Amino acid sequence: MNAPKHPDVIMIYQDRDIVASALQQIMELKLEFKAYKYDPAKMHEIALMEPKVLLLSSNNVKNTIQVYIDYLEEYGQHIARHSAVLLINNRETLRAYLACENGLFDNYAIISPLNEPFRLKLVLLQELKLIENSNNDGLEQLISDGDDELASCIEHGLALKKTFITKVNQCESDILFAANDALESKSKDAKAVLQELIGVSLEEMNETVSEGIQSILDQLTELQLNNQSVQESVEQLSSQKDKTTVGVNTELLVSDEVGYESSESPESSRYKILIAEPSDMFSSVIDKIFSSTVFNYRLVNDGKIALDEIKAFEPDVILLAYDLPSFDGIEITQIIRDEGNNVPIVAYLQPRDKKMIKRWATLKLSGYLIKPSKKSAILQSITKAVKIKPDPNSPHNREDNDNIQWLPKYAVGNEEIDEQHKLLFTMINDFFHQDSQEDAIMLFHNLSSYIELQFESEENLLKQMNYPQTDEHIKEHLELKGKLDFLLKKLDDYSFDIQHKIAMFLYSWLTKHILKSDMDYKAYALSIEEESFSE
């Protein structure tokens with residue numbers, strides 16, 4: 001498929017006769033446009049082309065939605081930001097509306113029968129941000145048709161709207177300026193400054209905009225009013241949502257769920273999953289996902305109920321949201337860990353709550369997911385967690401909930417090795433808490449170098465005392481060193497999630513290695529009365 005990079009519009013259709021009139025309309029707009037008959041083998045190439053707008057048409061809207069969901073699931077890492085538009089027949093308006101309302105699609109146009117001859121053009125111009133360039137042509141057409149009164153009315157309205165938008169943009173700019181000024185001078189409470197600004201700048205604006213700015217204020221307060229979070233909060237209100245299969249009422253949209261092809265044996269039907277999720281929207285999606293599996297699951301929406309169900313249902317794994325009423329996810333985890341319950345827990349967080357994973361991870365999580373997550377990611381995380389129980393000896397210190405500490409039980413009895421292990425814990429914690437790609441990569445390089453030095457020192461010690469399992473121990477070291485380059489490459493596609501998961505992996509590997517393999521050579525050293533070792 002030889003096609004240009006970043007075309008304006010790509011259409012994927014199933015029946016050319018159905019889309020023939022729509023094709024003609026699009027051609028009239030003189031956009032950079034390509035149309036392809038649906039072929040699963042071509043979808044990867046279409047993703048790599050990174051179209052600005054993707055039009056999808058099939059024999060019915062359910063098929064179209066499923067095609068798009070499959071496309072997102074299969075090629076998510078290659079798909080660029082784009083607008084997705086449904087092309088439907090007039091009987092499918094409700095389902096198209098639901099798909100757009102929930103955010104899976106950005107818009108829809110009726111093309112069969114083609115009783116909206118101008119809507120498709122309007123949708124494309126809006127999604128491509130070309131609508132203002134077309135205004136003058138349209139107004140001139142009205143005047144030439146003798147309807148100059150309507151043209152004048154529209155033109156006046158446009159002028160008013162542009163003035164209003166300018167005021168809103170200026171208000172956003174004022175918010176950033178006021179927040180920065182308040183933070184720099186520290187002479188006045190930043191929240192009070194912003195509230196005063198909203199009262200003045202939005203006094204004559206409509207309630208929706210005022211509420212939107214107040215929402216910005218709430219986010220700024222929650223994020224402790226640092227400069228970076230101020231900018232992110234403003235941008236978040238205007239940025240498009242990433243495409244995802246989650247967040248859509250799939251029960252109304254797609255009746256036939258694609259089955260999950262699990263590699264697990266039928267024995268996995270004995271596994272019990274407790275899912276605690278407060279949102280009706282996410283709950284319905286999760287319910288749909290697990291209803292097609294062999295897992296025995298229960299779904300609750302409150303923290304207190306979740307605690308009761310953990311005792312009554314005795315789940316083998318828990319998918320636990322953070323933002324639960326009564327008790328949040330961290331509180332629930334802390335309660336059951338204090339009771340000695342080491343059930344695997346997969347945390348499920350909103351993007352705004354990602355910072356909480358630093359505290360939560362210290363409570364022996366088996367993994368975590370950021371909402372919304374793909375069906376495949378959810379099932380893989382649960383399957384992995386239920387197979388690999390959390391280590392009850394993993395390093396958890398209630399006195400310092402933001403770090404996983406070296407504890408006396410990790411001492412191998414050799415002063416030099418113990419000091420090296422302590423430094424490794426410190427370095428992993430430092431890496432875990434970095435907040436930028438540059439710092440994370442720099443610390444990971446330092447950590448990798450020190451791991452190699454520590455391994456070399458430990459291996460030399462084992463050889464000196466003729467430890468019989470030295471080769472096996474060195475092999476474990478080599479396996480981790482072989483993974484370090486792979487983990488470093490992961491940081492090239494940086495996100496907080498990737499950084500945290502790498503840190504959690506290193507925590508897990510180090511503690512298991514110390515408590516098993518290192519304790520084995522400690523026992524040998526004590527048995528031969530090696531002078532450099534003590535109890």
# chains A, B, ... in the order shown; residues from 1 in each chain; ligands from 1
>>> residues_around(residues="Tyr38 (chain A)", least_positions_apart="6", cutoff="7 Å", atoms="only C-alpha atoms", output="count of residues only")
3
>>> residues_around(residues="Ser376 (chain A)", least_positions_apart="3", cutoff="9 Å", atoms="only C-alpha atoms", output="NGL selection string")
:A and (73 or 260 or 373 or 379-381)
>>> closest_residue(among="A:Asn63, A:Asn301, A:Ser326, A:Asn460", to="Ala96 (chain A)", atoms="only C-alpha atoms")
A:Asn63
>>> atom_distance(atom1="CA of Glu531 (chain A)", atom2="CA of His421 (chain A)")
19.7 Å
>>> select_by_dssp(residues="region 266-466 of chain A", states="alpha helix (DSSP H)", output="PyMOL selection string")
chain A and resi 280-291+303-313+329-338+357-360+375-387+415-432+437-464
>>> residues_around(residues="region 431-443 of chain A", least_positions_apart="2", cutoff="7 Å", atoms="only C-alpha atoms", output="list in words")
Met427, Ile428, Asn429, His445, Asn446, Leu447, Leu491, Tyr494, Gln499, His500 and Ala503 of chain A
>>> closest_residue(among="A:Leu526, A:Leu478, A:Val317, A:Leu407", to="Ile514 (chain A)", atoms="only C-alpha atoms")
A:Leu407
>>> atom_distance(atom1="CA of Lys30 (chain A)", atom2="CA of Leu130 (chain A)")
12.0 Å
>>> closest_residue(among="A:Glu331, A:Ala306, A:Lys354, A:Ile382", to="Thr293 (chain A)", atoms="only C-alpha atoms")
A:Ile382
>>> residues_around(residues="Ala276 (chain A)", least_positions_apart="5", cutoff="9 Å", atoms="only C-alpha atoms", output="PyMOL selection string")
chain A and resi 283+298-303+305-306+318-322+324+329
>>> atom_distance(atom1="CA of Val285 (chain A)", atom2="CA of Leu307 (chain A)")
22.5 Å
>>> closest_residue(among="A:Arg95, A:Lys5, A:Lys358, A:Lys311", to="Leu274 (chain A)", atoms="only C-alpha atoms")
A:Lys311
>>> select_by_dssp(residues="region 292-359 of chain A", states="strand (DSSP E or B)", output="list in words")
Asn296, Tyr297, Arg298, Leu299, Val300, Val317, Ile318, Leu319, Leu320, Ala321, Ile345, Val346, Ala347, Tyr348 and Leu349 of chain A
>>> write_last_selection(atoms="N, CA and C atoms", output="PDB file, in the first residue's frame")
ATOM      1  N   ASN A 296     -14.627 -17.134  38.239  1.00  0.00           N
ATOM      2  CA  ASN A 296     -15.774 -16.901  39.108  1.00  0.00           C
ATOM      3  C   ASN A 296     -15.552 -15.538  39.757  1.00  0.00           C
ATOM      4  N   TYR A 297     -16.394 -14.563  39.445  1.00  0.00           N
ATOM      5  CA  TYR A 297     -16.107 -13.204  39.907  1.00  0.00           C
ATOM      6  C   TYR A 297     -17.320 -12.562  40.573  1.00  0.00           C
ATOM      7  N   ARG A 298     -17.017 -11.599  41.443  1.00  0.00           N
ATOM      8  CA  ARG A 298     -18.045 -10.759  42.059  1.00  0.00           C
ATOM      9  C   ARG A 298     -17.636  -9.303  41.891  1.00  0.00           C
ATOM     10  N   LEU A 299     -18.638  -8.446  41.709  1.00  0.00           N
ATOM     11  CA  LEU A 299     -18.401  -7.035  41.430  1.00  0.00           C
ATOM     12  C   LEU A 299     -19.084  -6.190  42.504  1.00  0.00           C
ATOM     13  N   VAL A 300     -18.298  -5.326  43.189  1.00  0.00           N
ATOM     14  CA  VAL A 300     -18.850  -4.446  44.222  1.00  0.00           C
ATOM     15  C   VAL A 300     -18.414  -3.007  43.920  1.00  0.00           C
ATOM     16  N   VAL A 317      -7.820 -13.425  43.828  1.00  0.00           N
ATOM     17  CA  VAL A 317      -7.193 -12.202  43.335  1.00  0.00           C
ATOM     18  C   VAL A 317      -8.221 -11.081  43.395  1.00  0.00           C
ATOM     19  N   ILE A 318      -7.750  -9.843  43.597  1.00  0.00           N
ATOM     20  CA  ILE A 318      -8.653  -8.685  43.693  1.00  0.00           C
ATOM     21  C   ILE A 318      -8.228  -7.634  42.678  1.00  0.00           C
ATOM     22  N   LEU A 319      -9.187  -7.163  41.881  1.00  0.00           N
ATOM     23  CA  LEU A 319      -8.988  -5.993  41.022  1.00  0.00           C
ATOM     24  C   LEU A 319      -9.598  -4.819  41.782  1.00  0.00           C
ATOM     25  N   LEU A 320      -8.741  -3.933  42.304  1.00  0.00           N
ATOM     26  CA  LEU A 320      -9.170  -2.975  43.311  1.00  0.00           C
ATOM     27  C   LEU A 320      -8.971  -1.538  42.838  1.00  0.00           C
ATOM     28  N   ALA A 321     -10.072  -0.804  42.694  1.00  0.00           N
ATOM     29  CA  ALA A 321      -9.991   0.606  42.321  1.00  0.00           C
ATOM     30  C   ALA A 321      -9.511   1.422  43.512  1.00  0.00           C
ATOM     31  N   ILE A 345      -3.291  -8.497  44.678  1.00  0.00           N
ATOM     32  CA  ILE A 345      -4.105  -7.314  44.398  1.00  0.00           C
ATOM     33  C   ILE A 345      -3.546  -6.603  43.176  1.00  0.00           C
ATOM     34  N   VAL A 346      -4.424  -6.352  42.209  1.00  0.00           N
ATOM     35  CA  VAL A 346      -4.077  -5.528  41.053  1.00  0.00           C
ATOM     36  C   VAL A 346      -4.791  -4.196  41.236  1.00  0.00           C
ATOM     37  N   ALA A 347      -4.031  -3.122  41.367  1.00  0.00           N
ATOM     38  CA  ALA A 347      -4.616  -1.798  41.571  1.00  0.00           C
ATOM     39  C   ALA A 347      -5.164  -1.255  40.254  1.00  0.00           C
ATOM     40  N   TYR A 348      -6.249  -0.466  40.355  1.00  0.00           N
ATOM     41  CA  TYR A 348      -6.926   0.070  39.170  1.00  0.00           C
ATOM     42  C   TYR A 348      -7.178   1.551  39.441  1.00  0.00           C
ATOM     43  N   LEU A 349      -6.419   2.431  38.760  1.00  0.00           N
ATOM     44  CA  LEU A 349      -6.434   3.852  39.107  1.00  0.00           C
ATOM     45  C   LEU A 349      -6.825   4.742  37.943  1.00  0.00           C
TER      46      LEU A 349
END
